[in-house]
$ cat query.txt   # compact mmCIF, C-alpha atoms
# COMPACT_ATOMS: atom_id res chain seq x y z
CA MET A 15 154.22 -166.31 -11.16
CA PRO A 16 153.75 -168.66 -8.18
CA SER A 17 155.54 -167.60 -5.00
CA SER A 18 157.26 -170.97 -4.51
CA GLN A 19 158.71 -173.73 -6.64
CA THR A 20 156.63 -176.51 -5.10
CA ALA A 21 152.98 -176.74 -4.17
CA VAL A 22 152.00 -176.04 -0.57
CA GLU A 23 149.84 -178.51 1.33
CA VAL A 24 146.79 -176.85 2.87
CA LEU A 25 146.71 -177.55 6.60
CA PRO A 26 143.54 -178.08 8.66
CA LYS A 27 143.95 -174.70 10.36
CA ASP A 28 143.43 -173.06 6.94
CA PHE A 29 140.45 -175.13 5.83
CA SER A 30 137.93 -172.47 6.88
CA LYS A 31 139.66 -169.83 4.76
CA LEU A 32 139.80 -172.22 1.80
CA GLU A 33 136.12 -173.08 2.20
CA THR A 34 135.22 -169.38 2.12
CA LEU A 35 137.26 -168.80 -1.03
CA LEU A 36 135.86 -171.86 -2.82
CA SER A 37 132.32 -170.92 -1.77
CA SER A 38 132.73 -167.64 -3.65
CA LYS A 39 133.48 -169.60 -6.85
CA LEU A 40 130.58 -172.06 -6.78
CA PRO A 41 129.40 -173.91 -8.80
CA ALA A 42 132.63 -173.93 -10.84
CA SER A 43 134.64 -174.93 -7.76
CA GLY A 44 132.07 -177.54 -6.70
CA MET A 45 134.17 -180.68 -7.00
CA ILE A 46 137.15 -179.49 -4.96
CA TYR A 47 134.74 -177.80 -2.53
CA ASN A 48 133.15 -181.21 -1.96
CA VAL A 49 136.56 -182.86 -1.57
CA LEU A 50 137.43 -180.28 1.09
CA LYS A 51 134.13 -180.86 2.92
CA LEU A 52 134.86 -184.60 2.85
CA ARG A 53 138.34 -183.97 4.28
CA GLN A 54 136.77 -182.01 7.13
CA THR A 55 134.54 -184.93 8.14
CA ILE A 56 136.69 -188.06 7.74
CA SER A 57 138.97 -189.41 10.43
CA GLU A 58 142.72 -189.74 10.02
CA ASN A 59 142.41 -193.51 10.37
CA GLY A 60 139.46 -193.92 8.02
CA ARG A 61 139.37 -195.71 4.67
CA ILE A 62 139.60 -192.50 2.65
CA SER A 63 142.54 -190.10 2.80
CA VAL A 64 142.51 -186.59 1.33
CA LYS A 65 145.23 -184.00 0.79
CA ILE A 66 144.76 -180.54 -0.70
CA TYR A 67 147.49 -178.40 -2.25
CA ALA A 68 147.75 -174.74 -3.24
CA ASN A 69 150.16 -173.01 -5.59
CA GLU A 70 150.64 -170.15 -3.12
CA ASP A 71 151.13 -169.64 0.60
CA VAL A 72 147.91 -169.05 2.48
CA ASP A 73 148.60 -165.31 2.93
CA GLU A 74 148.52 -164.84 -0.85
CA TRP A 75 145.36 -166.77 -1.73
CA SER A 76 142.94 -164.93 -4.01
CA VAL A 77 140.15 -165.78 -6.41
CA ASP A 78 142.16 -164.38 -9.32
CA THR A 79 145.50 -166.13 -8.77
CA SER A 80 145.11 -169.23 -6.62
CA THR A 81 144.84 -172.77 -7.95
CA PHE A 82 144.07 -175.76 -5.74
CA MET A 83 144.42 -179.50 -6.21
CA GLY A 84 142.69 -182.17 -4.16
CA VAL A 85 144.00 -185.73 -4.05
CA ALA A 86 141.74 -188.42 -2.57
CA ASN A 87 142.56 -192.09 -2.17
CA VAL A 88 140.77 -195.11 -0.80
CA LYS A 89 143.51 -196.70 1.24
CA GLY A 90 144.98 -199.76 -0.40
CA LEU A 91 143.77 -198.97 -3.92
CA PRO A 92 146.17 -198.23 -6.78
CA GLN A 93 144.58 -195.01 -8.05
CA ASN A 94 144.47 -191.47 -6.74
CA LEU A 95 141.45 -189.30 -7.50
CA VAL A 96 142.56 -185.81 -8.52
CA VAL A 97 140.55 -182.59 -8.88
CA ILE A 98 141.98 -179.18 -9.77
CA CYS A 99 140.35 -175.74 -9.55
CA GLY A 100 141.91 -172.51 -10.80
CA PRO A 101 140.95 -168.91 -11.63
CA LYS A 102 138.02 -168.24 -13.92
CA ASN A 103 140.21 -167.67 -16.99
CA GLY A 104 142.56 -170.55 -16.19
CA PRO A 105 145.90 -170.66 -14.37
CA PRO A 106 149.30 -170.33 -16.11
CA LYS A 107 150.94 -173.55 -17.27
CA GLU A 108 153.67 -173.08 -14.65
CA THR A 109 151.06 -173.11 -11.89
CA VAL A 110 149.46 -176.35 -13.07
CA MET A 111 152.88 -177.98 -13.44
CA GLN A 112 153.76 -176.86 -9.92
CA LEU A 113 150.76 -178.73 -8.55
CA LEU A 114 151.24 -181.79 -10.75
CA SER A 115 154.82 -182.11 -9.52
CA VAL A 116 153.63 -183.30 -6.10
CA LEU A 117 151.59 -186.19 -7.53
CA ASP A 118 152.86 -189.75 -7.25
CA TRP A 119 153.19 -190.63 -10.94
CA THR A 120 154.11 -194.23 -10.13
CA ARG A 121 150.41 -194.75 -9.32
CA GLU A 122 147.29 -194.53 -11.43
CA ASN A 123 145.78 -191.04 -11.33
CA GLN A 124 142.12 -190.48 -12.15
CA PHE A 125 141.64 -186.79 -13.04
CA GLU A 126 138.02 -185.82 -12.43
CA GLY A 127 136.24 -182.63 -13.43
CA ILE A 128 139.27 -180.95 -14.99
CA ASP A 129 138.34 -177.62 -16.59
CA ASN A 130 139.07 -177.07 -20.29
CA SER A 131 141.65 -174.40 -19.44
CA ILE A 132 143.63 -176.85 -17.29
CA ALA A 133 143.19 -180.09 -19.22
CA PRO A 134 145.82 -179.49 -21.97
CA VAL A 135 148.62 -179.19 -19.41
CA VAL A 136 147.46 -182.32 -17.56
CA ILE A 137 147.18 -184.25 -20.84
CA GLU A 138 150.66 -183.20 -21.96
CA GLU A 139 152.30 -184.15 -18.66
CA ALA A 140 150.40 -187.44 -18.36
CA LYS A 141 151.39 -188.52 -21.87
CA ARG A 142 155.01 -187.67 -21.10
CA ARG A 143 155.00 -189.87 -18.01
CA GLY A 144 152.87 -192.81 -19.13
CA GLU A 145 149.61 -193.84 -20.79
CA LEU A 146 146.54 -191.64 -20.85
CA GLU A 147 142.97 -192.70 -21.49
CA GLU A 148 140.93 -189.71 -22.65
CA ASN A 149 137.19 -189.89 -22.16
CA ASP A 150 134.44 -188.23 -24.14
CA PRO A 151 133.59 -184.58 -23.33
CA ILE A 152 131.53 -184.26 -20.17
CA GLU A 153 129.22 -181.59 -18.77
CA LEU A 154 128.97 -180.80 -15.06
CA PHE A 155 125.54 -180.15 -13.56
CA TYR A 156 124.82 -178.79 -10.09
CA MET A 157 122.04 -178.05 -7.65
CA GLN A 158 121.95 -175.41 -4.94
CA LYS A 159 122.18 -176.97 -1.49
CA GLU A 160 119.09 -175.08 -0.35
CA ASP A 161 117.04 -176.51 -3.22
CA ALA A 162 118.30 -180.04 -2.57
CA LEU A 163 117.20 -179.90 1.07
CA GLN A 164 113.61 -179.16 -0.05
CA ILE A 165 113.63 -181.35 -3.17
CA PHE A 166 110.73 -183.70 -2.34
CA ASN A 167 107.41 -182.20 -3.37
CA GLU A 168 103.99 -183.07 -1.99
CA LYS A 169 103.36 -185.64 -4.73
CA ASP A 170 106.60 -187.44 -3.82
CA LYS A 171 105.65 -187.48 -0.15
CA ILE A 172 102.21 -188.95 -0.86
CA VAL A 173 103.67 -191.70 -3.07
CA LEU A 174 106.30 -192.64 -0.51
CA SER A 175 103.92 -192.63 2.44
CA SER A 176 101.40 -194.97 0.86
CA SER A 177 103.39 -197.33 -1.34
CA LYS A 178 105.68 -200.33 -1.18
CA LEU A 179 108.72 -198.12 -1.81
CA ARG A 180 111.44 -197.14 0.60
CA VAL A 181 113.83 -194.32 -0.29
CA SER A 182 117.03 -194.06 1.75
CA SER A 183 120.81 -194.13 1.82
CA LEU A 184 122.46 -197.38 0.76
CA GLN A 185 124.01 -199.85 3.16
CA PRO A 186 127.69 -200.88 2.77
CA ARG A 187 126.51 -204.40 1.91
CA ASP A 188 124.75 -202.94 -1.17
CA ALA A 189 128.15 -202.16 -2.70
CA VAL A 190 128.39 -205.69 -4.13
CA MET A 191 125.10 -205.28 -5.99
CA VAL A 192 126.09 -201.84 -7.27
CA GLN A 193 129.38 -203.21 -8.57
CA ASP A 194 127.70 -206.19 -10.25
CA ARG A 195 125.21 -203.99 -12.09
CA TRP A 196 127.54 -201.14 -13.11
CA PRO A 197 129.49 -201.88 -16.33
CA GLU A 198 132.27 -199.28 -16.05
CA LYS A 199 134.33 -200.69 -13.21
CA ARG A 200 138.07 -200.99 -12.63
CA LYS A 201 140.23 -202.91 -10.18
CA GLY A 202 139.32 -201.90 -6.65
CA TYR A 203 135.88 -200.63 -7.63
CA LEU A 204 134.11 -202.59 -4.88
CA GLU A 205 136.37 -201.14 -2.18
CA MET A 206 135.78 -197.68 -3.62
CA LEU A 207 132.00 -198.14 -3.41
CA GLU A 208 132.12 -199.51 0.15
CA ALA A 209 134.21 -196.59 1.35
CA SER A 210 132.04 -194.07 -0.48
CA ILE A 211 128.79 -195.46 0.94
CA GLU A 212 130.34 -195.28 4.42
CA SER A 213 131.91 -191.81 4.20
CA CYS A 214 130.30 -189.90 1.32
CA SER A 215 126.62 -190.01 0.34
CA SER A 216 124.37 -192.46 -1.48
CA GLY A 217 120.74 -193.00 -2.35
CA GLY A 218 118.46 -195.75 -3.55
CA VAL A 219 114.92 -196.96 -4.03
CA TYR A 220 113.98 -200.26 -2.42
CA VAL A 221 110.82 -202.19 -3.30
CA ASP A 222 109.23 -204.16 -0.49
CA LEU A 223 108.62 -207.46 -2.26
CA ALA A 224 106.48 -208.75 0.59
CA LYS A 225 104.01 -205.90 0.09
CA GLU A 226 104.21 -206.27 -3.68
CA GLU A 227 103.27 -209.94 -3.43
CA ALA A 228 100.57 -209.42 -0.80
CA ILE A 229 97.14 -210.94 -1.48
CA ASP A 230 94.13 -208.80 -0.59
CA GLY A 231 96.44 -206.46 1.31
CA ILE A 232 97.66 -209.24 3.62
CA VAL A 233 101.43 -209.56 3.89
CA SER A 234 102.38 -213.21 4.38
CA ASP A 235 106.07 -212.66 5.11
CA GLU A 236 108.40 -210.15 6.70
CA SER A 237 109.66 -207.27 4.53
CA LYS A 238 111.98 -208.32 1.70
CA LEU A 239 113.61 -205.18 0.32
CA ASP A 240 114.96 -205.26 -3.22
CA LEU A 241 117.25 -202.43 -4.37
CA VAL A 242 115.95 -201.41 -7.81
CA SER A 243 117.58 -198.00 -8.37
CA PHE A 244 120.74 -196.49 -6.88
CA ALA A 245 123.50 -193.89 -7.16
CA VAL A 246 126.61 -193.11 -5.13
CA ALA A 247 128.66 -189.95 -4.56
CA LEU A 248 132.36 -190.84 -4.81
CA PRO A 249 135.26 -189.09 -3.00
CA PHE A 250 136.08 -186.88 -5.99
CA GLY A 251 132.93 -184.90 -5.29
CA SER A 252 130.21 -185.89 -7.74
CA ILE A 253 127.53 -188.53 -8.29
CA HIS A 254 128.46 -191.79 -9.96
CA ALA A 255 127.05 -195.26 -10.73
CA PHE A 256 123.47 -194.12 -11.31
CA HIS A 257 121.44 -197.15 -12.40
CA THR A 258 117.86 -198.40 -12.45
CA GLU A 259 117.02 -202.03 -13.13
CA LEU A 260 115.55 -202.60 -16.59
CA ASP A 261 112.22 -203.99 -15.41
CA HIS A 262 111.73 -201.04 -13.05
CA ARG A 263 112.39 -198.19 -15.46
CA ARG A 264 109.81 -195.57 -16.44
CA LYS A 265 108.26 -195.75 -12.99
CA GLY A 266 109.89 -192.63 -11.57
CA TYR A 267 112.37 -194.59 -9.44
CA GLY A 268 115.39 -192.94 -11.07
CA LYS A 269 114.11 -189.49 -10.14
CA LEU A 270 113.49 -190.57 -6.57
CA THR A 271 117.03 -191.98 -6.36
CA MET A 272 118.63 -188.77 -7.58
CA LYS A 273 116.42 -186.71 -5.28
CA ILE A 274 117.31 -188.62 -2.12
CA LEU A 275 121.00 -188.59 -3.04
CA ALA A 276 120.96 -184.83 -3.76
CA GLN A 277 119.27 -184.28 -0.41
CA ASN A 278 121.77 -186.49 1.42
CA ILE A 279 124.69 -184.65 -0.19
CA ALA A 280 123.25 -181.29 0.86
CA LYS A 281 122.64 -182.53 4.42
CA ALA A 282 126.35 -183.38 4.57
CA GLY A 283 127.18 -179.79 3.63
CA ARG A 284 128.31 -180.56 0.09
CA VAL A 285 127.01 -179.41 -3.30
CA PRO A 286 125.04 -181.94 -5.37
CA LEU A 287 126.99 -182.44 -8.61
CA VAL A 288 126.61 -184.90 -11.46
CA GLN A 289 128.85 -185.47 -14.49
CA ILE A 290 127.00 -186.32 -17.70
CA PHE A 291 128.41 -187.29 -21.08
CA LYS A 292 127.47 -184.73 -23.74
CA THR A 293 125.66 -187.39 -25.77
CA ASN A 294 123.57 -188.70 -22.87
CA ASP A 295 120.39 -186.73 -23.51
CA GLY A 296 118.28 -189.05 -21.36
CA SER A 297 120.36 -188.44 -18.24
CA LYS A 298 120.38 -184.69 -18.88
CA ALA A 299 116.60 -184.63 -19.18
CA LEU A 300 116.12 -186.62 -15.97
CA ASN A 301 118.51 -184.49 -13.92
CA GLU A 302 117.29 -181.18 -15.30
CA GLY A 303 113.76 -182.34 -14.56
CA ILE A 304 114.50 -182.55 -10.84
CA GLY A 305 116.42 -179.28 -10.65
CA PHE A 306 120.03 -179.81 -11.75
CA LYS A 307 121.49 -177.01 -13.87
CA TYR A 308 124.39 -176.92 -16.32
CA SER A 309 127.62 -175.49 -14.90
CA HIS A 310 130.41 -175.98 -17.46
CA ASP A 311 132.27 -178.46 -19.64
CA ILE A 312 134.91 -180.63 -17.96
CA ASN A 313 137.35 -183.43 -18.77
CA LEU A 314 137.75 -186.88 -17.26
CA LEU A 315 141.21 -188.43 -17.74
CA HIS A 316 142.78 -191.66 -16.51
CA PHE A 317 146.56 -191.97 -16.25
CA THR A 318 148.43 -195.26 -16.03
CA PRO A 319 152.19 -195.20 -15.33
CA LYS A 320 154.68 -196.82 -17.70
$ encode --input "query.txt" --output "structure tokens"
Amino acid sequence: MPSSQTAVEVLPKDFSKLETLLSSKLPASGMIYNVLKLRQTISENGRISVKIYANEDVDEWSVDTSTFMGVANVKGLPQNLVVICGPKNGPPKETVMQLLSVLDWTRENQFEGIDNSIAPVVIEEAKRRGELEENDPIELFYMQKEDALQIFNEKDKIVLSSSKLRVSSLQPRDAVMVQDRWPEKRKGYLEMLEASIESCSSGGVYVDLAKEEAIDGIVSDESKLDLVSFAVALPFGSIHAFHTELDHRRKGYGKLTMKILAQNIAKAGRVPLVQIFKTNDGSKALNEGIGFKYSHDINLLHFTPK
């Protein structure tokens, strides 16, 4: 049984110990590990706030008994982003309830990457308190940080050094384009993207239209960069909003986008993670083709208060 009746907030002085414990449970602990790494890098006055809770006092933490919950929020938005990580065989119901009791249930809560052993308790409590939107089953894929840092092969380097393409992080101003071209958006999605591009990681492929339109190799205008493929890592710890424009598909741009984003995530000290719907065979093939591996099945749940 938990040692206290309420969850304990993890303080900055204990972040190193928590990072060590979560590191021993990778990749299963990847999402909350990434939330912790984000918390360690953002400022108190930034656009994203993060709190992490444990079911036990720090002196009692262990791989076999401890469960942790991370709650991230883009300031001013109505929803919290919630991730939970417990022991390999799942925590007791009482432990999950202990953590859920500290949530603000008057707000929307987006539960991301919830393990199958934890999801039934979250679903039961969410339905008791309000409305719950259950999404299709999802699989979590990961990449080792070391592999992500060396992800570009010689062929990639040759293509990028001699073509009209530019591969880089996104700019905050690109958030408007990402929002316009991504169908699954909610209220506050633009603000979420802007904050994520600023504080998390992103990646995209830009086509230099001036070079593309050049005649006989002569560029008649300054560079005009058009974003044709993009993806963003959101505060809950995994990649989201992966999209390539229709007329630029089957050119390898999607792979380049995921590669630069995976590399950027690894450079920030986090683990590249991507959530993929079980039925999305195309996305699985693309991500496995660049080195992502299956971790485990997870649940994505959205709670709306009464």
$ closest_atom_pairs --input "query.txt" --of "region 36-56 of chain A" --to "region 248-271 of chain A" --cutoff "10 Å" --atoms "only C-alpha atoms" --output "Markdown table"
| residue | atom | partner | partner_atom | distance |
| --- | --- | --- | --- | --- |
| A:Gly44 | CA | A:Gly251 | CA | 7.5 |
| A:Met45 | CA | A:Gly251 | CA | 4.7 |
| A:Ile46 | CA | A:Gly251 | CA | 6.9 |
| A:Tyr47 | CA | A:Gly251 | CA | 7.8 |
| A:Asn48 | CA | A:Gly251 | CA | 5.0 |
| A:Val49 | CA | A:Gly251 | CA | 5.6 |
| A:Leu50 | CA | A:Gly251 | CA | 9.1 |
| A:Lys51 | CA | A:Gly251 | CA | 9.2 |
| A:Leu52 | CA | A:Pro249 | CA | 7.4 |
| A:Arg53 | CA | A:Pro249 | CA | 9.4 |
$ residues_around --input "query.txt" --residues "Leu184 (chain A)" --least-positions-apart "4" --cutoff "10 Å" --atoms "all atoms listed in the file" --output "PyMOL selection string"
chain A and resi 188-189+192+208+211-212+215-220+241+244-246+275
$ write_last_selection --input "query.txt" --atoms "C-alpha atoms" --output "PDB file, keeping the file's coordinate frame"
ATOM      1  CA  ASP A 188     124.750-202.940  -1.170  1.00  0.00           C
ATOM      2  CA  ALA A 189     128.150-202.160  -2.700  1.00  0.00           C
ATOM      3  CA  VAL A 192     126.090-201.840  -7.270  1.00  0.00           C
ATOM      4  CA  GLU A 208     132.120-199.510   0.150  1.00  0.00           C
ATOM      5  CA  ILE A 211     128.790-195.460   0.940  1.00  0.00           C
ATOM      6  CA  GLU A 212     130.340-195.280   4.420  1.00  0.00           C
ATOM      7  CA  SER A 215     126.620-190.010   0.340  1.00  0.00           C
ATOM      8  CA  SER A 216     124.370-192.460  -1.480  1.00  0.00           C
ATOM      9  CA  GLY A 217     120.740-193.000  -2.350  1.00  0.00           C
ATOM     10  CA  GLY A 218     118.460-195.750  -3.550  1.00  0.00           C
ATOM     11  CA  VAL A 219     114.920-196.960  -4.030  1.00  0.00           C
ATOM     12  CA  TYR A 220     113.980-200.260  -2.420  1.00  0.00           C
ATOM     13  CA  LEU A 241     117.250-202.430  -4.370  1.00  0.00           C
ATOM     14  CA  PHE A 244     120.740-196.490  -6.880  1.00  0.00           C
ATOM     15  CA  ALA A 245     123.500-193.890  -7.160  1.00  0.00           C
ATOM     16  CA  VAL A 246     126.610-193.110  -5.130  1.00  0.00           C
ATOM     17  CA  LEU A 275     121.000-188.590  -3.040  1.00  0.00           C
TER      18      LEU A 275
END
$ closest_residue --input "query.txt" --among "A:Glu153, A:Val97, A:Ala282, A:Glu126" --to "Thr55 (chain A)" --atoms "only C-alpha atoms"
A:Ala282
$ closest_residue --input "query.txt" --among "A:Glu74, A:Glu148, A:Asp129, A:Glu160" --to "Lys31 (chain A)" --atoms "only C-alpha atoms"
A:Glu74
$ closest_residue --input "query.txt" --among "A:Trp196, A:Tyr203, A:Tyr156, A:Trp119" --to "Ser309 (chain A)" --atoms "only C-alpha atoms"
A:Tyr156
$ residues_around --input "query.txt" --residues "Gly100 (chain A)" --least-positions-apart "6" --cutoff "10 Å" --atoms "only C-alpha atoms" --output "PyMOL selection string"
chain A and resi 39+42-43+68-69+77-83+106+109-110+128-129+131-132
$ write_last_selection --input "query.txt" --atoms "C-alpha atoms" --output "PDB file, keeping the file's coordinate frame"
ATOM      1  CA  LYS A  39     133.480-169.600  -6.850  1.00  0.00           C
ATOM      2  CA  ALA A  42     132.630-173.930 -10.840  1.00  0.00           C
ATOM      3  CA  SER A  43     134.640-174.930  -7.760  1.00  0.00           C
ATOM      4  CA  ALA A  68     147.750-174.740  -3.240  1.00  0.00           C
ATOM      5  CA  ASN A  69     150.160-173.010  -5.590  1.00  0.00           C
ATOM      6  CA  VAL A  77     140.150-165.780  -6.410  1.00  0.00           C
ATOM      7  CA  ASP A  78     142.160-164.380  -9.320  1.00  0.00           C
ATOM      8  CA  THR A  79     145.500-166.130  -8.770  1.00  0.00           C
ATOM      9  CA  SER A  80     145.110-169.230  -6.620  1.00  0.00           C
ATOM     10  CA  THR A  81     144.840-172.770  -7.950  1.00  0.00           C
ATOM     11  CA  PHE A  82     144.070-175.760  -5.740  1.00  0.00           C
ATOM     12  CA  MET A  83     144.420-179.500  -6.210  1.00  0.00           C
ATOM     13  CA  PRO A 106     149.300-170.330 -16.110  1.00  0.00           C
ATOM     14  CA  THR A 109     151.060-173.110 -11.890  1.00  0.00           C
ATOM     15  CA  VAL A 110     149.460-176.350 -13.070  1.00  0.00           C
ATOM     16  CA  ILE A 128     139.270-180.950 -14.990  1.00  0.00           C
ATOM     17  CA  ASP A 129     138.340-177.620 -16.590  1.00  0.00           C
ATOM     18  CA  SER A 131     141.650-174.400 -19.440  1.00  0.00           C
ATOM     19  CA  ILE A 132     143.630-176.850 -17.290  1.00  0.00           C
TER      20      ILE A 132
END
$ axis_aligned_box --input "query.txt" --around "region 121-130 of chain A" --padding-each-side "6 Å" --output "JSON"
{"center_x": 143.3, "center_y": -185.9, "center_z": -14.8, "size_x": 26.2, "size_y": 29.7, "size_z": 23.0}
$ atom_distance --input "query.txt" --atom1 "CA of Asn59 (chain A)" --atom2 "CA of Gln289 (chain A)"
29.4 Å
$ closest_residue --input "query.txt" --among "A:Gly202, A:Pro92, A:Gly296, A:Gly283" --to "Thr120 (chain A)" --atoms "all atoms listed in the file"
A:Pro92
$ closest_residue --input "query.txt" --among "A:Ser176, A:Glu23, A:His310, A:Gly303" --to "Tyr67 (chain A)" --atoms "all atoms listed in the file"
A:Glu23
$ atom_distance --input "query.txt" --atom1 "CA of Ala133 (chain A)" --atom2 "CA of Gln193 (chain A)"
29.0 Å
$ closest_residue --input "query.txt" --among "A:Pro186, A:Gly60, A:Gly84, A:Pro26" --to "Leu113 (chain A)" --atoms "all atoms listed in the file"
A:Gly84
$ residues_around --input "query.txt" --residues "Val136 (chain A)" --least-positions-apart "6" --cutoff "10 Å" --atoms "all atoms listed in the file" --output "list in words"
Lys107, Val110, Met111, Leu114, Phe125, Ile128, Arg142, Leu146, Leu315 and Phe317 of chain A
$ atom_distance --input "query.txt" --atom1 "CA of Arg180 (chain A)" --atom2 "CA of Phe166 (chain A)"
13.8 Å
$ build_atoms --input "query.txt" --residues "region 77-94 of chain A" --atoms "N, CA, C and O atoms" --output "PDB file, in the coordinates of the input"
ATOM      1  N   VAL A  77     140.985-165.178  -5.381  1.00  0.00           N
ATOM      2  CA  VAL A  77     140.150-165.780  -6.410  1.00  0.00           C
ATOM      3  C   VAL A  77     140.823-165.693  -7.781  1.00  0.00           C
ATOM      4  O   VAL A  77     140.680-166.577  -8.628  1.00  0.00           O
ATOM      5  N   ASP A  78     141.589-164.643  -8.001  1.00  0.00           N
ATOM      6  CA  ASP A  78     142.160-164.380  -9.320  1.00  0.00           C
ATOM      7  C   ASP A  78     143.486-165.087  -9.591  1.00  0.00           C
ATOM      8  O   ASP A  78     143.881-165.210 -10.745  1.00  0.00           O
ATOM      9  N   THR A  79     144.174-165.541  -8.553  1.00  0.00           N
ATOM     10  CA  THR A  79     145.500-166.130  -8.770  1.00  0.00           C
ATOM     11  C   THR A  79     145.661-167.549  -8.249  1.00  0.00           C
ATOM     12  O   THR A  79     146.518-168.285  -8.728  1.00  0.00           O
ATOM     13  N   SER A  80     144.870-167.952  -7.293  1.00  0.00           N
ATOM     14  CA  SER A  80     145.110-169.230  -6.620  1.00  0.00           C
ATOM     15  C   SER A  80     144.539-170.410  -7.396  1.00  0.00           C
ATOM     16  O   SER A  80     143.450-170.330  -7.979  1.00  0.00           O
ATOM     17  N   THR A  81     145.285-171.498  -7.376  1.00  0.00           N
ATOM     18  CA  THR A  81     144.840-172.770  -7.950  1.00  0.00           C
ATOM     19  C   THR A  81     145.029-173.836  -6.892  1.00  0.00           C
ATOM     20  O   THR A  81     146.054-173.862  -6.197  1.00  0.00           O
ATOM     21  N   PHE A  82     144.038-174.725  -6.769  1.00  0.00           N
ATOM     22  CA  PHE A  82     144.070-175.760  -5.740  1.00  0.00           C
ATOM     23  C   PHE A  82     143.901-177.136  -6.358  1.00  0.00           C
ATOM     24  O   PHE A  82     143.199-177.304  -7.359  1.00  0.00           O
ATOM     25  N   MET A  83     144.539-178.114  -5.746  1.00  0.00           N
ATOM     26  CA  MET A  83     144.420-179.500  -6.210  1.00  0.00           C
ATOM     27  C   MET A  83     144.088-180.394  -5.022  1.00  0.00           C
ATOM     28  O   MET A  83     144.740-180.328  -3.976  1.00  0.00           O
ATOM     29  N   GLY A  84     143.052-181.198  -5.174  1.00  0.00           N
ATOM     30  CA  GLY A  84     142.690-182.170  -4.160  1.00  0.00           C
ATOM     31  C   GLY A  84     143.031-183.569  -4.622  1.00  0.00           C
ATOM     32  O   GLY A  84     142.790-183.921  -5.781  1.00  0.00           O
ATOM     33  N   VAL A  85     143.617-184.357  -3.731  1.00  0.00           N
ATOM     34  CA  VAL A  85     144.000-185.730  -4.050  1.00  0.00           C
ATOM     35  C   VAL A  85     143.368-186.653  -3.019  1.00  0.00           C
ATOM     36  O   VAL A  85     143.702-186.597  -1.833  1.00  0.00           O
ATOM     37  N   ALA A  86     142.420-187.480  -3.459  1.00  0.00           N
ATOM     38  CA  ALA A  86     141.740-188.420  -2.570  1.00  0.00           C
ATOM     39  C   ALA A  86     142.143-189.844  -2.940  1.00  0.00           C
ATOM     40  O   ALA A  86     142.413-190.149  -4.104  1.00  0.00           O
ATOM     41  N   ASN A  87     142.190-190.696  -1.931  1.00  0.00           N
ATOM     42  CA  ASN A  87     142.560-192.090  -2.170  1.00  0.00           C
ATOM     43  C   ASN A  87     141.827-192.979  -1.173  1.00  0.00           C
ATOM     44  O   ASN A  87     141.736-192.652   0.011  1.00  0.00           O
ATOM     45  N   VAL A  88     141.290-194.076  -1.688  1.00  0.00           N
ATOM     46  CA  VAL A  88     140.770-195.110  -0.800  1.00  0.00           C
ATOM     47  C   VAL A  88     141.949-196.003  -0.457  1.00  0.00           C
ATOM     48  O   VAL A  88     142.581-196.580  -1.340  1.00  0.00           O
ATOM     49  N   LYS A  89     142.273-196.053   0.805  1.00  0.00           N
ATOM     50  CA  LYS A  89     143.510-196.700   1.240  1.00  0.00           C
ATOM     51  C   LYS A  89     143.599-198.137   0.728  1.00  0.00           C
ATOM     52  O   LYS A  89     142.660-198.915   0.847  1.00  0.00           O
ATOM     53  N   GLY A  90     144.746-198.429   0.137  1.00  0.00           N
ATOM     54  CA  GLY A  90     144.980-199.760  -0.400  1.00  0.00           C
ATOM     55  C   GLY A  90     144.716-199.902  -1.870  1.00  0.00           C
ATOM     56  O   GLY A  90     145.082-200.910  -2.472  1.00  0.00           O
ATOM     57  N   LEU A  91     144.068-198.887  -2.489  1.00  0.00           N
ATOM     58  CA  LEU A  91     143.770-198.970  -3.920  1.00  0.00           C
ATOM     59  C   LEU A  91     144.856-198.288  -4.738  1.00  0.00           C
ATOM     60  O   LEU A  91     145.518-197.369  -4.271  1.00  0.00           O
ATOM     61  N   PRO A  92     145.042-198.720  -5.981  1.00  0.00           N
ATOM     62  CA  PRO A  92     146.170-198.230  -6.780  1.00  0.00           C
ATOM     63  C   PRO A  92     145.992-196.831  -7.342  1.00  0.00           C
ATOM     64  O   PRO A  92     146.965-196.213  -7.755  1.00  0.00           O
ATOM     65  N   GLN A  93     144.765-196.290  -7.383  1.00  0.00           N
ATOM     66  CA  GLN A  93     144.580-195.010  -8.050  1.00  0.00           C
ATOM     67  C   GLN A  93     144.295-193.882  -7.078  1.00  0.00           C
ATOM     68  O   GLN A  93     143.606-194.057  -6.076  1.00  0.00           O
ATOM     69  N   ASN A  94     144.853-192.703  -7.409  1.00  0.00           N
ATOM     70  CA  ASN A  94     144.470-191.470  -6.740  1.00  0.00           C
ATOM     71  C   ASN A  94     143.369-190.804  -7.540  1.00  0.00           C
ATOM     72  O   ASN A  94     143.309-190.926  -8.762  1.00  0.00           O
TER      73      ASN A  94
END
